[in-house]
file query_13.pdb (PDB, C-alpha atoms)
ATOM      1  CA  MET A  81      84.142 -35.987 162.981
ATOM      2  CA  ASN A  82      84.023 -37.698 166.368
ATOM      3  CA  GLN A  83      80.783 -38.487 168.230
ATOM      4  CA  ARG A  84      80.853 -35.236 170.232
ATOM      5  CA  GLU A  85      81.276 -33.161 167.054
ATOM      6  CA  ARG A  86      78.549 -35.118 165.272
ATOM      7  CA  ARG A  87      76.156 -34.694 168.194
ATOM      8  CA  GLN A  88      76.791 -30.953 168.352
ATOM      9  CA  PHE A  89      76.351 -30.604 164.574
ATOM     10  CA  LEU A  90      73.021 -32.466 164.744
ATOM     11  CA  ILE A  91      71.772 -30.441 167.715
ATOM     12  CA  GLN A  92      72.750 -27.134 166.105
ATOM     13  CA  SER A  93      71.073 -28.137 162.830
ATOM     14  CA  LEU A  94      67.823 -29.058 164.558
ATOM     15  CA  LEU A  95      67.871 -25.908 166.713
ATOM     16  CA  ARG A  96      68.259 -23.736 163.588
ATOM     17  CA  GLU A  97      65.105 -25.259 162.061
ATOM     18  CA  ARG A  98      62.835 -23.710 164.694
ATOM     19  CA  PRO A  99      63.100 -19.997 165.491
ATOM     20  CA  GLN A 100      61.957 -20.506 169.091
ATOM     21  CA  TYR A 101      64.938 -22.839 169.701
ATOM     22  CA  ARG A 102      67.675 -20.715 168.136
ATOM     23  CA  LYS A 103      68.801 -19.132 171.415
ATOM     24  CA  MET A 104      68.769 -22.407 173.336
ATOM     25  CA  GLU A 105      72.067 -23.244 175.017
ATOM     26  CA  ILE A 106      73.646 -26.618 174.314
ATOM     27  CA  PRO A 107      74.583 -28.262 177.613
ATOM     28  CA  ALA A 108      78.234 -29.160 178.205
ATOM     29  CA  ASP A 109      77.427 -32.589 179.675
ATOM     30  CA  GLU A 110      77.441 -35.404 177.074
ATOM     31  CA  ASP A 111      74.435 -37.224 178.563
ATOM     32  CA  GLU A 112      72.431 -33.989 178.593
ATOM     33  CA  GLN A 113      73.443 -33.411 174.959
ATOM     34  CA  ARG A 114      72.256 -36.928 174.050
ATOM     35  CA  GLN A 115      68.962 -36.239 175.798
ATOM     36  CA  LEU A 116      68.573 -32.884 174.023
ATOM     37  CA  LEU A 117      69.312 -34.434 170.620
ATOM     38  CA  ARG A 118      66.829 -37.241 171.178
ATOM     39  CA  GLY A 119      64.184 -34.752 172.354
ATOM     40  CA  LEU A 120      64.705 -32.548 169.289
ATOM     41  CA  MET A 121      64.404 -35.587 167.025
ATOM     42  CA  ASN A 122      61.261 -36.695 168.883
ATOM     43  CA  VAL A 123      59.380 -33.420 168.379
ATOM     44  CA  ARG A 124      60.440 -32.864 164.762
ATOM     45  CA  ALA A 125      57.603 -33.200 162.290
ATOM     46  CA  PRO A 126      58.234 -35.363 159.219
ATOM     47  CA  GLN A 127      59.895 -33.182 156.597
ATOM     48  CA  ARG A 128      62.866 -33.196 154.272
ATOM     49  CA  ILE A 129      66.324 -32.546 155.623
ATOM     50  CA  GLY A 130      69.670 -32.220 153.895
ATOM     51  CA  ALA A 131      71.827 -35.161 152.870
ATOM     52  CA  ASP A 132      74.716 -33.771 154.952
ATOM     53  CA  PHE A 133      72.554 -33.940 158.081
ATOM     54  CA  LEU A 134      71.450 -37.501 157.301
ATOM     55  CA  GLN A 135      75.013 -38.670 156.689
ATOM     56  CA  VAL A 136      76.192 -37.260 160.031
ATOM     57  CA  GLN A 137      73.068 -38.580 161.785
ATOM     58  CA  ASP A 138      73.533 -42.065 160.319
ATOM     59  CA  ASN A 139      77.188 -42.221 161.381
ATOM     60  CA  TYR A 140      76.288 -40.925 164.837
ATOM     61  CA  LEU A 141      73.396 -43.351 165.421
ATOM     62  CA  GLN A 142      75.286 -46.369 164.094
ATOM     63  CA  ASP A 143      78.230 -45.605 166.389
ATOM     64  CA  GLU A 144      75.867 -45.122 169.359
ATOM     65  CA  THR A 145      74.257 -48.517 168.687
ATOM     66  CA  ALA A 146      77.644 -50.187 168.269
ATOM     67  CA  ALA A 147      78.748 -48.712 171.611
ATOM     68  CA  LYS A 148      75.665 -50.205 173.309
ATOM     69  CA  GLY A 149      76.505 -53.582 171.805
ATOM     70  CA  MET A 150      74.355 -55.620 169.452
ATOM     71  CA  THR A 151      72.676 -58.970 169.914
ATOM     72  CA  ASP A 152      72.685 -61.111 166.796
ATOM     73  CA  LEU A 153      69.770 -63.492 166.351
ATOM     74  CA  ALA A 154      72.277 -66.089 165.124
ATOM     75  CA  ASP A 155      73.828 -66.119 168.622
ATOM     76  CA  LEU A 156      70.525 -66.950 170.347
ATOM     77  CA  THR A 157      69.139 -70.412 171.015
ATOM     78  CA  PRO A 158      65.582 -71.014 169.824
ATOM     79  CA  VAL A 159      63.059 -72.426 172.300
ATOM     80  CA  GLN A 160      61.611 -74.247 169.305
ATOM     81  CA  PRO A 161      62.404 -73.941 165.601
ATOM     82  CA  GLY A 162      61.909 -70.314 164.548
ATOM     83  CA  LEU A 163      60.873 -69.093 168.036
ATOM     84  CA  TYR A 164      63.255 -67.142 170.251
ATOM     85  CA  LEU A 165      62.741 -65.584 173.656
ATOM     86  CA  TRP A 166      65.052 -62.692 174.400
ATOM     87  CA  GLN A 167      64.900 -59.744 176.768
ATOM     88  CA  GLY A 168      66.906 -56.633 176.038
ATOM     89  CA  ASP A 169      67.096 -53.381 174.107
ATOM     90  CA  ILE A 170      65.153 -54.040 170.892
ATOM     91  CA  THR A 171      67.087 -51.273 169.147
ATOM     92  CA  THR A 172      70.244 -53.430 169.412
ATOM     93  CA  LEU A 173      68.773 -56.672 168.014
ATOM     94  CA  LYS A 174      70.282 -57.762 164.686
ATOM     95  CA  CYS A 175      67.556 -59.761 162.935
ATOM     96  CA  ASP A 176      65.267 -59.546 159.940
ATOM     97  CA  ALA A 177      62.541 -57.492 161.640
ATOM     98  CA  ILE A 178      61.497 -56.033 164.966
ATOM     99  CA  VAL A 179      57.946 -55.081 165.961
ATOM    100  CA  ASN A 180      57.009 -51.560 166.992
ATOM    101  CA  ALA A 181      53.982 -50.927 169.199
ATOM    102  CA  ALA A 182      52.872 -47.897 167.178
ATOM    103  CA  ASN A 183      50.119 -45.348 167.549
ATOM    104  CA  SER A 184      47.463 -44.959 164.871
ATOM    105  CA  GLY A 185      49.363 -42.066 163.284
ATOM    106  CA  MET A 186      52.326 -44.427 162.715
ATOM    107  CA  THR A 187      54.889 -41.590 162.740
ATOM    108  CA  GLY A 188      56.270 -42.233 166.215
ATOM    109  CA  CYS A 189      55.916 -40.710 169.628
ATOM    110  CA  TYR A 190      56.280 -36.924 169.725
ATOM    111  CA  VAL A 191      56.813 -36.703 173.488
ATOM    112  CA  PRO A 192      60.445 -35.673 174.032
ATOM    113  CA  ASN A 193      62.495 -38.519 175.537
ATOM    114  CA  HIS A 194      59.401 -40.598 176.324
ATOM    115  CA  ARG A 195      60.337 -44.127 177.383
ATOM    116  CA  CYS A 196      57.852 -45.936 175.105
ATOM    117  CA  ILE A 197      59.095 -48.463 172.571
ATOM    118  CA  ASP A 198      57.771 -46.357 169.675
ATOM    119  CA  ASN A 199      59.984 -43.456 170.770
ATOM    120  CA  ALA A 200      63.009 -45.700 171.344
ATOM    121  CA  ILE A 201      62.743 -47.269 167.878
ATOM    122  CA  HIS A 202      62.200 -43.973 166.031
ATOM    123  CA  SER A 203      65.039 -42.302 167.982
ATOM    124  CA  ALA A 204      67.549 -45.060 167.202
ATOM    125  CA  ALA A 205      66.457 -45.477 163.562
ATOM    126  CA  GLY A 206      66.766 -41.789 162.666
ATOM    127  CA  LEU A 207      64.576 -39.180 161.040
ATOM    128  CA  GLN A 208      64.142 -41.214 157.850
ATOM    129  CA  LEU A 209      61.872 -43.693 159.656
ATOM    130  CA  ARG A 210      59.365 -41.001 160.616
ATOM    131  CA  ASP A 211      59.470 -39.644 157.070
ATOM    132  CA  GLU A 212      58.774 -43.079 155.549
ATOM    133  CA  CYS A 213      55.928 -43.698 157.989
ATOM    134  CA  ALA A 214      54.432 -40.266 157.192
ATOM    135  CA  GLU A 215      54.555 -41.039 153.471
ATOM    136  CA  ILE A 216      52.762 -44.349 154.037
ATOM    137  CA  MET A 217      50.092 -42.609 156.094
ATOM    138  CA  ARG A 218      49.633 -39.816 153.520
ATOM    139  CA  ALA A 219      49.064 -42.444 150.822
ATOM    140  CA  GLN A 220      46.702 -44.386 153.093
ATOM    141  CA  GLY A 221      44.710 -41.261 153.962
ATOM    142  CA  ARG A 222      43.464 -42.438 157.352
ATOM    143  CA  PRO A 223      44.760 -43.557 160.759
ATOM    144  CA  GLU A 224      45.996 -47.118 161.032
ATOM    145  CA  PRO A 225      43.423 -49.403 162.678
ATOM    146  CA  ALA A 226      44.350 -51.708 165.550
ATOM    147  CA  GLY A 227      45.545 -55.140 164.519
ATOM    148  CA  ARG A 228      47.037 -54.101 161.179
ATOM    149  CA  ALA A 229      50.717 -53.623 160.391
ATOM    150  CA  LYS A 230      52.946 -51.653 158.069
ATOM    151  CA  LEU A 231      56.499 -52.611 157.093
ATOM    152  CA  THR A 232      59.321 -50.077 156.765
ATOM    153  CA  ARG A 233      63.074 -50.151 156.461
ATOM    154  CA  ALA A 234      64.914 -50.009 159.791
ATOM    155  CA  TYR A 235      67.490 -47.407 158.690
ATOM    156  CA  ASN A 236      70.090 -47.128 161.480
ATOM    157  CA  LEU A 237      68.849 -50.065 163.510
ATOM    158  CA  PRO A 238      70.711 -53.380 163.171
ATOM    159  CA  ALA A 239      67.438 -55.036 162.106
ATOM    160  CA  ARG A 240      66.517 -54.907 158.417
ATOM    161  CA  TYR A 241      62.857 -53.942 158.863
ATOM    162  CA  VAL A 242      60.363 -52.589 161.377
ATOM    163  CA  LEU A 243      56.812 -53.929 161.561
ATOM    164  CA  HIS A 244      54.633 -51.124 162.955
ATOM    165  CA  THR A 245      51.396 -52.339 164.471
ATOM    166  CA  VAL A 246      48.699 -50.589 166.459
ATOM    167  CA  GLY A 247      47.452 -52.523 169.439
ATOM    168  CA  PRO A 248      44.181 -52.063 171.236
ATOM    169  CA  ILE A 249      44.086 -49.272 173.795
ATOM    170  CA  VAL A 250      42.869 -50.767 177.043
ATOM    171  CA  GLY A 251      42.078 -48.688 180.099
ATOM    172  CA  ARG A 252      42.506 -49.737 183.678
ATOM    173  CA  TRP A 253      40.090 -52.648 183.340
ATOM    174  CA  VAL A 254      39.647 -54.998 180.390
ATOM    175  CA  THR A 255      36.062 -54.604 179.156
ATOM    176  CA  TRP A 256      33.881 -56.905 177.097
ATOM    177  CA  LYS A 257      34.526 -54.633 174.102
ATOM    178  CA  ASP A 258      38.305 -54.927 174.691
ATOM    179  CA  ARG A 259      38.047 -58.716 174.699
ATOM    180  CA  ARG A 260      36.183 -58.684 171.390
TER     181      ARG A 260
END
call {"tool": "encode", "arguments": {"input": "query_13.pdb", "output": "structure tokens"}}
result
Amino acid sequence: MNQRERRQFLIQSLLRERPQYRKMEIPADEDEQRQLLRGLMNVRAPQRIGADFLQVQDNYLQDETAAKGMTDLADLTPVQPGLYLWQGDITTLKCDAIVNAANSGMTGCYVPNHRCIDNAIHSAAGLQLRDECAEIMRAQGRPEPAGRAKLTRAYNLPARYVLHTVGPIVGRWVTWKDRR
């Protein structure tokens, strides 16, 4: 299967899961198809999916990441031992772990094609990341508090792990409570 065939298989599979999507037309444009696939993945609730889907998804996402190009931590120069400054697409960084600015539900952003880092990481990692995060949250039984972190596999990202952490939610102005 080539990337176009994989993408169409994935879109069709996700459309079949939801009756309200079954009559949706798949756009002919490749960029619009990529956007549709990402949006469908973004709104999908954590749930089991077939091994055939996951195999196609994994091949598709790994090829998409390879096409973007990866940055290997070994190729970067530290500013001091163990500390690197790098600006780029975090979903292309090959390292031990990346950090995700997560929400307290920890299962990713459900806004289709939202440009937040949480959405970017979950979209590039694949559906397994949301499923693992949901399992962690079910076992925990409560939302994740700010300042804590959970570790998951990175699945289709070049990193090995993802550290999901909830930061404080600050409004327009930093208050005394925010500072505390």
call {"tool": "atom_distance", "arguments": {"input": "query_13.pdb", "atom1": "CA of Pro225 in chain A", "atom2": "CA of Pro238 in chain A"}}
result
27.6 Å
call {"tool": "closest_residue", "arguments": {"input": "query_13.pdb", "among": "A:Asp169, A:Glu144, A:Asp211, A:Glu97", "to": "Gly188 in chain A", "atoms": "all atoms listed in the file"}}
result
A:Asp211
call {"tool": "residues_around", "arguments": {"input": "query_13.pdb", "residues": "Arg222 in chain A", "least_positions_apart": "4", "cutoff": "12 Å", "atoms": "all atoms listed in the file", "output": "list in words"}}
result
Ser184, Gly185, Met186, Ala214, Glu215, Ile216, Met217 and Arg218 of chain A
call {"tool": "resolve_selection", "arguments": {"input": "query_13.pdb", "expression": "the PyMOL selection byres ((chain A and resi 148) around 12)", "output": "PyMOL selection string"}}
result
chain A and resi 141-147+149-151+168-173+204+237-238
call {"tool": "resolve_selection", "arguments": {"input": "query_13.pdb", "expression": "the PyMOL selection byres ((chain A and resi 203) around 12)", "output": "PyMOL selection string"}}
result
chain A and resi 114-124+137-138+140-142+144-145+171+187-202+204-210+234-237
call {"tool": "write_last_selection", "arguments": {"input": "query_13.pdb", "atoms": "C-alpha atoms", "output": "mmCIF file, in the coordinates of the input"}}
result
data_model
loop_
_atom_site.group_PDB
_atom_site.id
_atom_site.type_symbol
_atom_site.label_atom_id
_atom_site.label_comp_id
_atom_site.auth_asym_id
_atom_site.auth_seq_id
_atom_site.Cartn_x
_atom_site.Cartn_y
_atom_site.Cartn_z
ATOM 1 C CA ARG A 114 72.256 -36.928 174.050
ATOM 2 C CA GLN A 115 68.962 -36.239 175.798
ATOM 3 C CA LEU A 116 68.573 -32.884 174.023
ATOM 4 C CA LEU A 117 69.312 -34.434 170.620
ATOM 5 C CA ARG A 118 66.829 -37.241 171.178
ATOM 6 C CA GLY A 119 64.184 -34.752 172.354
ATOM 7 C CA LEU A 120 64.705 -32.548 169.289
ATOM 8 C CA MET A 121 64.404 -35.587 167.025
ATOM 9 C CA ASN A 122 61.261 -36.695 168.883
ATOM 10 C CA VAL A 123 59.380 -33.420 168.379
ATOM 11 C CA ARG A 124 60.440 -32.864 164.762
ATOM 12 C CA GLN A 137 73.068 -38.580 161.785
ATOM 13 C CA ASP A 138 73.533 -42.065 160.319
ATOM 14 C CA TYR A 140 76.288 -40.925 164.837
ATOM 15 C CA LEU A 141 73.396 -43.351 165.421
ATOM 16 C CA GLN A 142 75.286 -46.369 164.094
ATOM 17 C CA GLU A 144 75.867 -45.122 169.359
ATOM 18 C CA THR A 145 74.257 -48.517 168.687
ATOM 19 C CA THR A 171 67.087 -51.273 169.147
ATOM 20 C CA THR A 187 54.889 -41.590 162.740
ATOM 21 C CA GLY A 188 56.270 -42.233 166.215
ATOM 22 C CA CYS A 189 55.916 -40.710 169.628
ATOM 23 C CA TYR A 190 56.280 -36.924 169.725
ATOM 24 C CA VAL A 191 56.813 -36.703 173.488
ATOM 25 C CA PRO A 192 60.445 -35.673 174.032
ATOM 26 C CA ASN A 193 62.495 -38.519 175.537
ATOM 27 C CA HIS A 194 59.401 -40.598 176.324
ATOM 28 C CA ARG A 195 60.337 -44.127 177.383
ATOM 29 C CA CYS A 196 57.852 -45.936 175.105
ATOM 30 C CA ILE A 197 59.095 -48.463 172.571
ATOM 31 C CA ASP A 198 57.771 -46.357 169.675
ATOM 32 C CA ASN A 199 59.984 -43.456 170.770
ATOM 33 C CA ALA A 200 63.009 -45.700 171.344
ATOM 34 C CA ILE A 201 62.743 -47.269 167.878
ATOM 35 C CA HIS A 202 62.200 -43.973 166.031
ATOM 36 C CA ALA A 204 67.549 -45.060 167.202
ATOM 37 C CA ALA A 205 66.457 -45.477 163.562
ATOM 38 C CA GLY A 206 66.766 -41.789 162.666
ATOM 39 C CA LEU A 207 64.576 -39.180 161.040
ATOM 40 C CA GLN A 208 64.142 -41.214 157.850
ATOM 41 C CA LEU A 209 61.872 -43.693 159.656
ATOM 42 C CA ARG A 210 59.365 -41.001 160.616
ATOM 43 C CA ALA A 234 64.914 -50.009 159.791
ATOM 44 C CA TYR A 235 67.490 -47.407 158.690
ATOM 45 C CA ASN A 236 70.090 -47.128 161.480
ATOM 46 C CA LEU A 237 68.849 -50.065 163.510
#
call {"tool": "axis_aligned_box", "arguments": {"input": "query_13.pdb", "around": "range 184-194 of chain A", "padding_each_side": "5 Å", "output": "AutoDock Vina command-line options"}}
result
--center_x 55.0 --center_y -40.3 --center_z 169.5 --size_x 25.0 --size_y 19.3 --size_z 23.6
call {"tool": "residues_around", "arguments": {"input": "query_13.pdb", "residues": "Val246 in chain A", "least_positions_apart": "5", "cutoff": "6 Å", "atoms": "only C-alpha atoms", "output": "MDAnalysis selection string"}}
result
chainID A and resid 181:184 226:227
call {"tool": "atom_distance", "arguments": {"input": "query_13.pdb", "atom1": "CA of Phe89 in chain A", "atom2": "CA of Ile106 in chain A"}}
result
10.9 Å
call {"tool": "resolve_selection", "arguments": {"input": "query_13.pdb", "expression": "the PyMOL selection byres ((chain A and resi 105) around 12)", "output": "list of chain:residue names"}}
result
A:Gln88, A:Ile91, A:Gln92, A:Leu95, A:Tyr101, A:Arg102, A:Lys103, A:Met104, A:Ile106, A:Pro107, A:Ala108, A:Asp109, A:Glu112, A:Gln113, A:Leu116
call {"tool": "residues_around", "arguments": {"input": "query_13.pdb", "residues": "Val250 in chain A", "least_positions_apart": "6", "cutoff": "12 Å", "atoms": "all atoms listed in the file", "output": "PyMOL selection string"}}
result
chain A and resi 226+256-260
call {"tool": "residues_around", "arguments": {"input": "query_13.pdb", "residues": "Ala177 in chain A", "least_positions_apart": "3", "cutoff": "7 Å", "atoms": "only C-alpha atoms", "output": "PyMOL selection string"}}
result
chain A and resi 239-243
call {"tool": "write_last_selection", "arguments": {"input": "query_13.pdb", "atoms": "C-alpha atoms", "output": "JSON list (two decimals), keeping the file's coordinate frame"}}
result
[["chain", "number", "residue", "atom", "x", "y", "z"],
["A", 239, "ALA", "CA", 67.44, -55.04, 162.11],
["A", 240, "ARG", "CA", 66.52, -54.91, 158.42],
["A", 241, "TYR", "CA", 62.86, -53.94, 158.86],
["A", 242, "VAL", "CA", 60.36, -52.59, 161.38],
["A", 243, "LEU", "CA", 56.81, -53.93, 161.56]]
call {"tool": "atom_distance", "arguments": {"input": "query_13.pdb", "atom1": "CA of Arg233 in chain A", "atom2": "CA of Leu134 in chain A"}}
result
15.2 Å
call {"tool": "closest_residue", "arguments": {"input": "query_13.pdb", "among": "A:Trp253, A:Glu212, A:Cys175, A:Met81", "to": "Arg128 in chain A", "atoms": "only C-alpha atoms"}}
result
A:Glu212
call {"tool": "closest_residue", "arguments": {"input": "query_13.pdb", "among": "A:Ala229, A:Leu94, A:Pro248, A:Gln167", "to": "Gln127 in chain A", "atoms": "all atoms listed in the file"}}
result
A:Leu94
call {"tool": "build_atoms", "arguments": {"input": "query_13.pdb", "residues": "range 154-171 of chain A", "atoms": "N, CA and C atoms", "output": "PDB file, in the coordinates of the input"}}
result
ATOM      1  N   ALA A 154      71.517 -64.855 165.365  1.00  0.00           N
ATOM      2  CA  ALA A 154      72.277 -66.089 165.124  1.00  0.00           C
ATOM      3  C   ALA A 154      72.966 -66.599 166.390  1.00  0.00           C
ATOM      4  N   ASP A 155      73.172 -65.724 167.374  1.00  0.00           N
ATOM      5  CA  ASP A 155      73.828 -66.119 168.622  1.00  0.00           C
ATOM      6  C   ASP A 155      72.841 -66.611 169.680  1.00  0.00           C
ATOM      7  N   LEU A 156      71.551 -66.534 169.386  1.00  0.00           N
ATOM      8  CA  LEU A 156      70.525 -66.950 170.347  1.00  0.00           C
ATOM      9  C   LEU A 156      70.107 -68.395 170.096  1.00  0.00           C
ATOM     10  N   THR A 157      69.613 -69.036 171.123  1.00  0.00           N
ATOM     11  CA  THR A 157      69.139 -70.412 171.015  1.00  0.00           C
ATOM     12  C   THR A 157      67.618 -70.405 170.946  1.00  0.00           C
ATOM     13  N   PRO A 158      67.051 -71.001 169.913  1.00  0.00           N
ATOM     14  CA  PRO A 158      65.582 -71.014 169.824  1.00  0.00           C
ATOM     15  C   PRO A 158      64.972 -71.942 170.885  1.00  0.00           C
ATOM     16  N   VAL A 159      63.784 -71.553 171.378  1.00  0.00           N
ATOM     17  CA  VAL A 159      63.059 -72.426 172.300  1.00  0.00           C
ATOM     18  C   VAL A 159      62.337 -73.523 171.521  1.00  0.00           C
ATOM     19  N   GLN A 160      62.077 -73.258 170.277  1.00  0.00           N
ATOM     20  CA  GLN A 160      61.611 -74.247 169.305  1.00  0.00           C
ATOM     21  C   GLN A 160      61.966 -73.670 167.943  1.00  0.00           C
ATOM     22  N   PRO A 161      61.962 -74.454 166.904  1.00  0.00           N
ATOM     23  CA  PRO A 161      62.404 -73.941 165.601  1.00  0.00           C
ATOM     24  C   PRO A 161      61.675 -72.642 165.209  1.00  0.00           C
ATOM     25  N   GLY A 162      62.463 -71.596 164.982  1.00  0.00           N
ATOM     26  CA  GLY A 162      61.909 -70.314 164.548  1.00  0.00           C
ATOM     27  C   GLY A 162      61.358 -69.443 165.661  1.00  0.00           C
ATOM     28  N   LEU A 163      61.422 -69.873 166.919  1.00  0.00           N
ATOM     29  CA  LEU A 163      60.873 -69.093 168.036  1.00  0.00           C
ATOM     30  C   LEU A 163      61.971 -68.829 169.056  1.00  0.00           C
ATOM     31  N   TYR A 164      62.217 -67.561 169.319  1.00  0.00           N
ATOM     32  CA  TYR A 164      63.255 -67.142 170.251  1.00  0.00           C
ATOM     33  C   TYR A 164      62.637 -66.288 171.345  1.00  0.00           C
ATOM     34  N   LEU A 165      63.100 -66.460 172.552  1.00  0.00           N
ATOM     35  CA  LEU A 165      62.741 -65.584 173.656  1.00  0.00           C
ATOM     36  C   LEU A 165      63.998 -64.836 174.047  1.00  0.00           C
ATOM     37  N   TRP A 166      63.905 -63.527 174.086  1.00  0.00           N
ATOM     38  CA  TRP A 166      65.052 -62.692 174.400  1.00  0.00           C
ATOM     39  C   TRP A 166      64.552 -61.436 175.085  1.00  0.00           C
ATOM     40  N   GLN A 167      65.249 -60.985 176.084  1.00  0.00           N
ATOM     41  CA  GLN A 167      64.900 -59.744 176.768  1.00  0.00           C
ATOM     42  C   GLN A 167      66.079 -58.800 176.666  1.00  0.00           C
ATOM     43  N   GLY A 168      65.836 -57.603 176.178  1.00  0.00           N
ATOM     44  CA  GLY A 168      66.906 -56.633 176.038  1.00  0.00           C
ATOM     45  C   GLY A 168      66.431 -55.417 175.268  1.00  0.00           C
ATOM     46  N   ASP A 169      67.369 -54.605 174.854  1.00  0.00           N
ATOM     47  CA  ASP A 169      67.096 -53.381 174.107  1.00  0.00           C
ATOM     48  C   ASP A 169      66.815 -53.747 172.648  1.00  0.00           C
ATOM     49  N   ILE A 170      65.568 -53.624 172.240  1.00  0.00           N
ATOM     50  CA  ILE A 170      65.153 -54.040 170.892  1.00  0.00           C
ATOM     51  C   ILE A 170      65.880 -53.260 169.801  1.00  0.00           C
ATOM     52  N   THR A 171      66.378 -52.073 170.141  1.00  0.00           N
ATOM     53  CA  THR A 171      67.087 -51.273 169.147  1.00  0.00           C
ATOM     54  C   THR A 171      68.501 -51.790 168.894  1.00  0.00           C
TER      55      THR A 171
END
